[in-house]
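my_file14.csv, holding CSV, C-alpha atoms and all ligand atoms:
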chain,number,residue,atom,x,y,z
A,39,MET,CA,26.7,10.3,9.9
A,40,THR,CA,25.0,8.4,7.1
A,41,LEU,CA,22.1,6.1,7.8
A,42,ARG,CA,24.3,3.2,6.9
A,43,ASP,CA,26.8,4.2,9.6
A,44,HIS,CA,24.0,4.8,12.1
A,45,ILE,CA,22.7,1.3,11.4
A,46,ILE,CA,26.2,-0.3,11.7
A,47,THR,CA,26.8,1.4,15.0
A,48,ARG,CA,23.5,0.2,16.3
A,49,ILE,CA,24.1,-3.4,15.2
A,50,MET,CA,27.6,-3.3,16.8
A,51,ALA,CA,26.1,-2.2,20.1
A,52,GLU,CA,22.9,-4.3,20.1
A,53,GLY,CA,23.5,-7.2,17.8
A,54,PRO,CA,21.8,-8.2,14.5
A,55,MET,CA,18.7,-6.2,13.5
A,56,ARG,CA,15.4,-7.8,12.6
A,57,LEU,CA,14.4,-7.1,9.0
A,58,ASP,CA,11.2,-5.2,10.0
A,59,HIS,CA,13.3,-2.9,12.2
A,60,PHE,CA,15.9,-2.4,9.4
A,61,MET,CA,13.1,-1.6,6.9
A,62,ALA,CA,11.3,0.8,9.2
A,63,THR,CA,14.6,2.6,9.9
A,64,CYS,CA,15.5,2.9,6.2
A,65,LEU,CA,12.1,4.2,5.2
A,66,LEU,CA,11.1,6.4,8.1
A,67,HIS,CA,14.1,7.4,10.1
A,68,PRO,CA,13.1,10.9,11.2
A,69,THR,CA,16.0,12.7,9.5
A,70,LYS,CA,17.6,10.2,7.1
A,71,GLY,CA,14.7,7.9,6.1
A,72,TYR,CA,13.8,7.3,2.4
A,73,TYR,CA,10.3,8.8,2.7
A,74,THR,CA,11.1,11.4,5.2
A,75,THR,CA,13.8,13.1,3.1
A,76,ARG,CA,12.4,13.0,-0.5
A,77,GLN,CA,9.7,12.9,-3.0
A,78,PRO,CA,10.3,9.6,-4.7
A,79,PHE,CA,7.6,9.4,-7.4
A,80,GLY,CA,7.6,10.0,-11.2
A,81,GLN,CA,9.8,9.5,-14.2
A,82,THR,CA,12.7,11.3,-12.5
A,83,GLY,CA,12.2,9.6,-9.1
A,84,ASP,CA,12.6,5.9,-8.1
A,85,PHE,CA,9.2,4.6,-9.1
A,86,ILE,CA,5.8,5.5,-10.6
A,87,THR,CA,2.4,4.7,-9.1
A,88,ALA,CA,-1.0,4.3,-10.8
A,89,PRO,CA,-2.4,7.7,-9.8
A,90,GLU,CA,0.8,9.3,-11.2
A,91,ILE,CA,0.3,7.5,-14.5
A,92,ASN,CA,-3.2,8.8,-15.3
A,93,GLN,CA,-6.1,10.7,-13.6
A,94,MET,CA,-8.5,7.9,-14.5
A,95,PHE,CA,-7.2,5.8,-11.6
A,96,GLY,CA,-8.1,8.2,-8.9
A,97,GLU,CA,-11.3,9.2,-10.6
A,98,LEU,CA,-12.6,5.6,-10.7
A,99,ILE,CA,-11.5,4.8,-7.2
A,100,GLY,CA,-13.3,7.9,-5.9
A,101,LEU,CA,-16.5,7.1,-7.8
A,102,CYS,CA,-16.3,3.5,-6.7
A,103,LEU,CA,-16.3,4.6,-3.0
A,104,ALA,CA,-19.0,7.2,-3.7
A,105,GLN,CA,-21.3,4.6,-5.3
A,106,THR,CA,-20.8,2.4,-2.2
A,107,TRP,CA,-21.7,5.3,0.0
A,108,LEU,CA,-24.9,5.9,-2.0
A,109,THR,CA,-25.8,2.2,-1.9
A,110,ASN,CA,-25.3,2.2,1.9
A,111,GLY,CA,-27.9,5.0,2.3
A,112,ALA,CA,-25.6,8.0,1.9
A,113,PRO,CA,-24.8,8.7,5.6
A,114,ASP,CA,-24.6,12.4,6.2
A,115,ARG,CA,-21.2,12.3,8.0
A,116,PHE,CA,-18.5,9.9,7.1
A,117,THR,CA,-14.7,9.6,7.0
A,118,LEU,CA,-13.0,9.6,3.6
A,119,ALA,CA,-9.6,8.3,4.4
A,120,GLU,CA,-6.4,7.6,2.4
A,121,LEU,CA,-3.3,5.7,3.7
A,122,GLY,CA,0.0,6.9,2.3
A,123,PRO,CA,-1.3,9.4,-0.1
A,124,GLY,CA,2.0,10.2,-1.8
A,125,ARG,CA,1.7,13.5,-3.7
A,126,GLY,CA,-2.0,13.7,-3.1
A,127,THR,CA,-2.8,13.0,-6.7
A,128,LEU,CA,-5.2,10.1,-6.2
A,129,MET,CA,-7.3,12.0,-3.6
A,130,ALA,CA,-7.4,15.1,-5.8
A,131,ASP,CA,-8.6,13.1,-8.8
A,132,ALA,CA,-11.1,11.2,-6.7
A,133,LEU,CA,-12.5,14.4,-5.1
A,134,ARG,CA,-12.8,16.2,-8.5
A,135,ALA,CA,-14.7,13.2,-10.0
A,136,CYS,CA,-17.0,13.0,-6.9
A,137,ARG,CA,-18.2,16.6,-7.3
A,138,ALA,CA,-20.7,14.9,-9.6
A,139,VAL,CA,-22.2,12.9,-6.7
A,140,PRO,CA,-24.7,15.2,-4.9
A,141,GLY,CA,-24.0,15.4,-1.1
A,142,PHE,CA,-20.8,13.3,-1.1
A,143,LEU,CA,-18.2,16.0,-0.6
A,144,ASP,CA,-20.4,17.9,2.0
A,145,ALA,CA,-20.7,14.7,4.1
A,146,ALA,CA,-17.0,13.7,3.7
A,147,HIS,CA,-14.5,14.4,6.5
A,148,ILE,CA,-11.2,13.9,4.7
A,149,VAL,CA,-8.5,12.2,6.8
A,150,LEU,CA,-5.0,11.3,5.6
A,151,VAL,CA,-2.4,9.0,7.2
A,152,GLU,CA,1.1,10.0,6.1
A,153,ALA,CA,4.4,9.5,7.9
A,154,SER,CA,6.5,11.8,5.8
A,155,PRO,CA,6.4,15.6,6.5
A,156,ILE,CA,7.7,16.3,3.0
A,157,LEU,CA,4.8,14.4,1.4
A,158,GLN,CA,2.3,15.9,3.9
A,159,GLU,CA,3.3,19.3,2.5
A,160,GLN,CA,2.8,18.1,-1.0
A,161,GLN,CA,-0.6,16.7,-0.1
A,162,ARG,CA,-1.5,20.0,1.5
A,163,LYS,CA,-0.8,21.8,-1.7
A,164,ALA,CA,-2.5,19.2,-4.0
A,165,LEU,CA,-5.6,19.3,-1.8
A,166,SER,CA,-5.6,23.0,-0.9
A,167,SER,CA,-9.2,23.6,-2.0
A,168,TYR,CA,-10.5,21.0,0.4
A,169,ASP,CA,-10.7,20.8,4.2
A,170,VAL,CA,-8.2,18.0,4.9
A,171,GLY,CA,-6.7,16.7,8.2
A,172,TRP,CA,-3.9,14.3,9.1
A,173,ILE,CA,-3.9,11.6,11.8
A,174,ASN,CA,-0.9,9.7,13.1
A,175,GLY,CA,-2.2,6.2,12.3
A,176,THR,CA,-5.3,4.2,11.8
A,177,ALA,CA,-5.9,3.8,15.5
A,178,GLN,CA,-7.0,7.4,15.4
A,179,LEU,CA,-9.6,6.9,12.6
A,180,PRO,CA,-12.9,8.6,13.8
A,181,ASP,CA,-15.8,6.5,15.1
A,182,ALA,CA,-17.9,7.0,11.9
A,183,PRO,CA,-18.7,5.3,8.7
A,184,LEU,CA,-15.4,4.8,6.8
A,185,TYR,CA,-14.6,4.9,3.1
A,186,LEU,CA,-10.9,4.3,2.7
A,187,ILE,CA,-8.3,3.8,-0.1
A,188,ALA,CA,-4.8,2.6,0.2
A,189,ASN,CA,-2.7,2.3,-3.0
A,190,GLU,CA,0.8,1.0,-2.6
A,191,PHE,CA,0.7,1.6,1.1
A,192,PHE,CA,0.9,-1.9,2.5
A,193,ASP,CA,4.0,-2.8,0.4
A,194,ALA,CA,5.9,-0.2,2.3
A,195,LEU,CA,5.1,-1.7,5.8
A,196,PRO,CA,8.0,-3.5,7.4
A,197,ILE,CA,8.2,-7.3,7.1
A,198,ARG,CA,10.0,-10.1,8.9
A,199,GLN,CA,11.3,-13.1,7.0
A,200,PHE,CA,11.7,-16.6,8.3
A,201,VAL,CA,13.5,-19.5,6.7
A,202,ARG,CA,12.1,-22.9,7.5
A,203,ALA,CA,14.5,-25.3,9.3
A,204,GLY,CA,12.7,-28.6,10.0
A,205,ALA,CA,9.7,-27.8,12.1
A,206,GLN,CA,11.4,-24.6,13.3
A,207,TRP,CA,12.3,-21.2,11.7
A,208,ARG,CA,15.4,-19.1,11.4
A,209,GLU,CA,14.8,-15.4,11.2
A,210,ARG,CA,16.6,-13.4,8.5
A,211,GLN,CA,18.4,-10.5,10.1
A,212,VAL,CA,20.8,-7.7,9.2
A,213,GLY,CA,24.3,-8.0,10.7
A,214,VAL,CA,27.7,-6.6,10.0
A,215,LYS,CA,30.5,-8.5,8.3
A,216,GLY,CA,33.8,-7.0,7.2
A,217,GLY,CA,32.5,-3.5,7.9
A,218,ALA,CA,29.5,-4.0,5.5
A,219,LEU,CA,25.9,-4.8,6.2
A,220,HIS,CA,25.2,-8.4,5.7
A,221,MET,CA,22.0,-10.6,5.7
A,222,GLY,CA,22.3,-13.4,8.2
A,223,LEU,CA,20.1,-16.0,9.9
A,224,GLY,CA,19.2,-16.2,13.6
A,225,PRO,CA,18.9,-19.5,15.5
A,226,ALA,CA,16.3,-22.1,14.7
A,227,LEU,CA,13.3,-21.5,17.0
A,228,PRO,CA,9.7,-22.7,17.1
A,229,GLN,CA,7.3,-19.9,15.9
A,230,PRO,CA,3.7,-20.8,16.9
A,231,PHE,CA,2.3,-18.0,14.7
A,232,LEU,CA,3.8,-19.8,11.7
A,233,ALA,CA,2.3,-23.2,12.5
A,234,HIS,CA,-0.1,-23.0,9.5
A,235,ARG,CA,2.9,-22.4,7.2
A,236,LEU,CA,4.3,-25.8,8.1
A,237,GLU,CA,1.6,-27.2,5.7
A,238,ASP,CA,2.7,-25.4,2.5
A,239,THR,CA,6.4,-25.0,2.9
A,240,ARG,CA,9.6,-27.1,2.7
A,241,ASP,CA,12.9,-26.8,4.4
A,242,GLY,CA,14.7,-23.7,3.2
A,243,ASP,CA,11.5,-21.9,2.1
A,244,VAL,CA,11.2,-18.2,3.1
A,245,VAL,CA,7.9,-16.9,4.5
A,246,GLU,CA,7.2,-13.3,5.3
A,247,THR,CA,5.0,-11.7,8.0
A,248,CYS,CA,3.8,-8.1,8.4
A,249,ALA,CA,2.5,-7.4,11.9
A,250,ALA,CA,1.9,-3.7,11.1
A,251,ALA,CA,-0.4,-4.6,8.2
A,252,THR,CA,-2.6,-6.8,10.5
A,253,THR,CA,-3.0,-3.9,13.0
A,254,VAL,CA,-3.9,-1.4,10.3
A,255,ILE,CA,-6.5,-3.8,8.7
A,256,SER,CA,-8.1,-4.6,12.1
A,257,ASP,CA,-8.4,-0.8,12.8
A,258,ILE,CA,-10.2,-0.4,9.5
A,259,ALA,CA,-12.3,-3.5,9.8
A,260,THR,CA,-13.5,-2.5,13.3
A,261,ARG,CA,-14.8,0.9,11.9
A,262,VAL,CA,-16.4,-0.7,8.8
A,263,ASP,CA,-18.0,-3.5,10.9
A,264,THR,CA,-19.4,-1.0,13.5
A,265,TYR,CA,-20.3,2.0,11.5
A,266,GLY,CA,-20.5,0.8,7.9
A,267,GLY,CA,-18.4,1.8,4.9
A,268,ALA,CA,-15.7,0.1,2.7
A,269,ALA,CA,-12.0,0.0,2.0
A,270,LEU,CA,-10.1,-0.6,-1.2
A,271,ILE,CA,-6.6,-2.0,-0.8
A,272,VAL,CA,-4.6,-1.9,-4.0
A,273,ASP,CA,-1.1,-3.3,-4.2
A,274,TYR,CA,1.2,-5.9,-5.7
A,275,GLY,CA,1.2,-9.3,-4.2
A,276,ASP,CA,-0.8,-12.4,-4.0
A,277,TRP,CA,-3.2,-14.4,-2.0
A,278,ARG,CA,-0.4,-16.1,0.1
A,279,SER,CA,3.2,-15.0,0.1
A,280,LEU,CA,5.9,-17.6,-0.4
A,281,GLY,CA,9.5,-16.7,-1.0
A,282,ASP,CA,11.7,-13.7,-0.6
A,283,THR,CA,9.9,-10.6,-2.1
A,284,PHE,CA,11.9,-8.0,-0.2
A,285,GLN,CA,13.3,-5.6,-2.8
A,286,ALA,CA,14.9,-2.2,-3.1
A,287,LEU,CA,14.3,0.2,-6.1
A,288,LYS,CA,16.3,3.2,-7.1
A,289,THR,CA,15.7,5.2,-10.3
A,290,HIS,CA,13.5,2.4,-11.6
A,291,GLU,CA,16.1,-0.3,-11.1
A,292,THR,CA,16.3,-3.0,-8.4
A,293,VAL,CA,19.4,-2.6,-6.2
A,294,ASP,CA,20.8,-4.4,-3.2
A,295,PRO,CA,18.7,-3.3,-0.2
A,296,LEU,CA,21.8,-3.4,2.1
A,297,VAL,CA,24.1,-1.2,0.1
A,298,ASP,CA,22.8,2.3,0.5
A,299,PRO,CA,20.1,2.4,3.3
A,300,GLY,CA,17.7,5.3,3.2
A,301,ASN,CA,18.4,6.1,-0.5
A,302,ALA,CA,16.3,3.3,-2.1
A,303,ASP,CA,12.7,2.4,-1.8
A,304,LEU,CA,12.1,-0.8,0.1
A,305,THR,CA,9.0,-2.9,-0.4
A,306,ALA,CA,7.7,-6.4,-0.1
A,307,HIS,CA,4.8,-8.1,-1.8
A,308,VAL,CA,1.5,-7.9,0.1
A,309,ASP,CA,0.1,-11.1,1.5
A,310,PHE,CA,-3.6,-10.5,0.8
A,311,GLU,CA,-4.6,-13.7,2.7
A,312,ALA,CA,-3.1,-12.3,5.9
A,313,LEU,CA,-5.0,-9.0,5.3
A,314,ALA,CA,-8.3,-10.8,4.7
A,315,GLN,CA,-7.9,-12.8,7.8
A,316,ALA,CA,-7.3,-9.7,9.9
A,317,ALA,CA,-10.4,-8.1,8.3
A,318,VAL,CA,-12.8,-10.4,10.2
A,319,PRO,CA,-15.5,-9.5,11.4
A,320,ALA,CA,-15.9,-7.3,8.3
A,321,ARG,CA,-16.2,-9.1,5.0
A,322,PHE,CA,-13.6,-9.2,2.3
A,323,SER,CA,-14.1,-9.4,-1.5
A,324,LYS,CA,-12.5,-11.8,-3.9
A,325,LEU,CA,-9.0,-10.7,-4.7
A,326,THR,CA,-9.3,-9.0,-8.1
A,327,PRO,CA,-6.6,-8.0,-10.7
A,328,GLN,CA,-6.4,-4.2,-11.0
A,329,GLY,CA,-7.0,-4.4,-14.8
A,330,VAL,CA,-10.2,-6.4,-14.3
A,331,PHE,CA,-11.4,-4.0,-11.6
A,332,LEU,CA,-10.7,-0.9,-13.6
A,333,GLU,CA,-12.4,-2.4,-16.7
A,334,ARG,CA,-15.5,-3.2,-14.6
A,335,LEU,CA,-15.6,0.4,-13.4
A,336,GLY,CA,-15.7,1.6,-17.0
A,337,ILE,CA,-12.1,2.8,-17.6
A,338,THR,CA,-12.4,2.2,-21.3
A,339,ASP,CA,-15.4,4.6,-21.6
A,340,ARG,CA,-13.6,7.2,-19.5
A,341,ALA,CA,-10.5,6.8,-21.6
A,342,GLN,CA,-12.4,7.3,-24.8
A,343,LYS,CA,-14.1,10.5,-23.5
A,344,LEU,CA,-10.7,11.9,-22.4
A,345,ALA,CA,-9.1,10.8,-25.7
A,346,ALA,CA,-11.7,12.8,-27.7
A,347,ALA,CA,-10.0,16.1,-26.5
A,348,LEU,CA,-6.5,14.9,-27.3
A,349,ASP,CA,-4.2,14.5,-30.3
A,350,GLY,CA,-0.6,14.0,-31.2
A,351,THR,CA,1.8,13.0,-28.4
A,352,ALA,CA,-0.8,13.7,-25.7
A,353,LEU,CA,-3.1,11.2,-27.3
A,354,ASP,CA,-0.3,8.6,-27.6
A,355,ALA,CA,0.6,9.1,-23.9
A,356,HIS,CA,-3.0,8.7,-22.9
A,357,VAL,CA,-3.4,5.4,-24.8
A,358,THR,CA,-0.1,4.2,-23.3
A,359,ALA,CA,-1.3,5.1,-19.8
A,360,HIS,CA,-4.6,3.3,-20.2
A,361,ARG,CA,-2.7,0.2,-21.3
A,362,ARG,CA,-0.2,0.5,-18.5
A,363,LEU,CA,-2.9,0.6,-15.8
A,364,THR,CA,-4.9,-2.3,-17.2
A,365,HIS,CA,-3.0,-4.7,-19.5
A,366,PRO,CA,-2.1,-8.1,-17.9
A,367,SER,CA,1.5,-7.8,-19.0
A,368,GLU,CA,1.8,-4.3,-17.4
A,369,MET,CA,0.2,-3.4,-14.0
A,370,GLY,CA,-3.2,-5.1,-14.8
A,371,ASN,CA,-2.3,-8.5,-13.3
A,372,LEU,CA,0.6,-7.7,-10.9
A,373,PHE,CA,-1.6,-5.3,-8.9
A,374,LYS,CA,-4.6,-6.6,-7.1
A,375,VAL,CA,-7.6,-5.1,-5.3
A,376,LEU,CA,-9.1,-6.4,-2.1
A,377,GLY,CA,-12.3,-4.8,-0.9
A,378,LEU,CA,-13.4,-4.7,2.8
A,379,TYR,CA,-17.1,-4.1,3.5
A,380,GLN,CA,-19.8,-4.5,6.1
A,381,ASN,CA,-21.5,-7.8,6.8
A,382,GLY,CA,-24.8,-8.0,5.0
A,383,LYS,CA,-23.8,-5.5,2.4
A,384,MET,CA,-22.5,-6.0,-1.2
A,385,PRO,CA,-18.8,-5.4,-2.0
A,386,PRO,CA,-17.9,-2.1,-3.7
A,387,PRO,CA,-18.6,-2.0,-7.5
A,388,GLY,CA,-16.0,-3.9,-9.5
A,389,LEU,CA,-15.5,-6.5,-6.8
A,390,GLU,CA,-17.2,-9.8,-6.0
A,391,PRO,CA,-18.1,-11.4,-2.7
B,401,LIG,N1,-0.5,6.1,-2.6
B,401,LIG,C1,0.5,6.9,-3.2
B,401,LIG,C2,1.9,6.7,-2.6
B,401,LIG,C3,2.5,5.3,-2.5
B,401,LIG,S1,4.1,5.3,-1.8
B,401,LIG,C4,0.5,6.6,-4.7
B,401,LIG,O1,-0.1,5.7,-5.1
B,401,LIG,O2,1.2,7.4,-5.5
B,401,LIG,C5,3.8,4.9,-0.1
B,401,LIG,C6,3.2,6.1,0.7
B,401,LIG,O3,3.0,5.6,2.0
B,401,LIG,C7,4.1,7.3,0.8
B,401,LIG,O4,3.2,8.4,0.9
B,401,LIG,C8,4.8,7.1,2.2
B,401,LIG,O5,5.3,8.2,2.7
B,401,LIG,C9,3.6,6.5,3.0
B,401,LIG,N2,4.1,5.6,4.1
B,401,LIG,C10,4.9,4.6,4.1
B,401,LIG,N3,5.0,4.0,5.3
B,401,LIG,C11,4.1,4.6,6.1
B,401,LIG,C12,3.7,4.5,7.4
B,401,LIG,N4,4.2,3.5,8.2
B,401,LIG,N5,2.8,5.3,7.9
B,401,LIG,C13,2.3,6.3,7.2
B,401,LIG,N6,2.6,6.5,5.9
B,401,LIG,C14,3.5,5.7,5.3

Would you mind writing the file out in structure tokens?
Ligand code: SAH
Amino acid sequence: MTLRDHIITRIMAEGPMRLDHFMATCLLHPTKGYYTTRQPFGQTGDFITAPEINQMFGELIGLCLAQTWLTNGAPDRFTLAELGPGRGTLMADALRACRAVPGFLDAAHIVLVEASPILQEQQRKALSSYDVGWINGTAQLPDAPLYLIANEFFDALPIRQFVRAGAQWRERQVGVKGGALHMGLGPALPQPFLAHRLEDTRDGDVVETCAAATTVISDIATRVDTYGGAALIVDYGDWRSLGDTFQALKTHETVDPLVDPGNADLTAHVDFEALAQAAVPARFSKLTPQGVFLERLGITDRAQKLAAALDGTALDAHVTAHRRLTHPSEMGNLFKVLGLYQNGKMPPPGLEP
């Protein structure tokens, strides 16, 4: 049975499916989900992420966290965590760069959160020279200072969508029509948790919510607030989400998310304001474009050092990668960085209070 047939059968039995349930099933169904059945990254995959473009991304993220650890007094036992580490490339680059920081690797207890067994296996290989452990979710993060990175993790968390109807909201949900999956609307209902969105929306506007993201952020913020540390959240999105940002990507093209469930990556833009609100009582930084963040961390110096050892097509690829990560018309503006940090402390380097 394909995942599409499985979803249709379920809808026929139980009625229309909420979008977050549809998204979670497509991405993480134990045997037919997108992430559970494949390795989606790279030129030959469905999409490419910053750490897969160039080693500088992971190196600078690692050094940014290490500098924050030093500024915070270099606690001798802390958790170094990554959410959704993909192929393990970012963490491998970060750890290699952080060898230059005395004491950091010895004090780090490396913890990964990864739902896909296939990707866990890749992470195990990429990080085979380190002592690495997996936990099932952020609720299991140790009670210790926490230094955490999440790149393109939050965009994969399941969202709900609501269409404004007067002072009420109709939820977008997946149903079946003529034997095919079909996006429909539930009845108009009051939604108290969307009361603040009555101020900035009009009839027919779509707003998105991501309950899973709020839970994850509050797990992180509780550790950071209690034990110290910092988190870097890197993703595409904006301060407040408005409109339908739900999309499916297959071999670098956008496709209809309902046509081939489980075989396309599903994402939504991250609503950073919602993350920041869930981060209280920890502090959050100004939302900063990825290009600005990387420039402040010194990516141009690092790029020039690496370039000195390259020539020909390798040098061309390196220059292209630097541009891709930072230029406003490429990933530089679309991707943003939000830092979480402890009250009374400064945000991680590259970010402002
Ligand atoms: N950070 C990596 C991969 C981004 S893709 C990079 O930048 O290359 C999203 C990652 O999050 C994948 O590793 C995926 O398997 C993982 N993931 C998605 N939803 C998850 C969930 N609910 N819990 C844990 N991991 C999840």

Environment of ligand LIG 401 (chain B) within 6 Å, counting all atoms listed in the file, reported as a PyMOL selection string:
chain A and resi 73+87-89+122-124+151-154+189-191+194-195

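The space between CA of Leu372 in chain A and CA of Asp276 in chain A spans 8.5 Å.
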
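Close contacts of Glu159 in chain A, defined as residues with an atom at most 12 Å away when counting only C-alpha atoms, with chain neighbours fewer than 2 positions off set aside, comprise A:Thr74, A:Arg76, A:Gln77, A:Pro123, A:Gly124, A:Arg125, A:Gly126, A:Leu150, A:Glu152, A:Ala153, A:Ser154, A:Pro155, A:Ile156, A:Leu157, A:Gln161, A:Arg162, A:Lys163, A:Ala164, A:Leu165, A:Ser166, A:Val170, A:Gly171, A:Trp172.
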
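Using only C-alpha atoms, the smallest distance between any of A:Phe192, A:Phe116, A:Tyr72, A:Phe373 and Gly329 in chain A comes from A:Phe373.
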
Excluding Gly100 in chain A and residues on its chain fewer than 5 positions from it, collect all residues at most 12 Å away from it, counting only C-alpha atoms, and give them as a PyMOL selection string.
chain A and resi 89+93-95+105-107+118-120+127-139+142-143+146+185-188+268-270+332+335+386-387
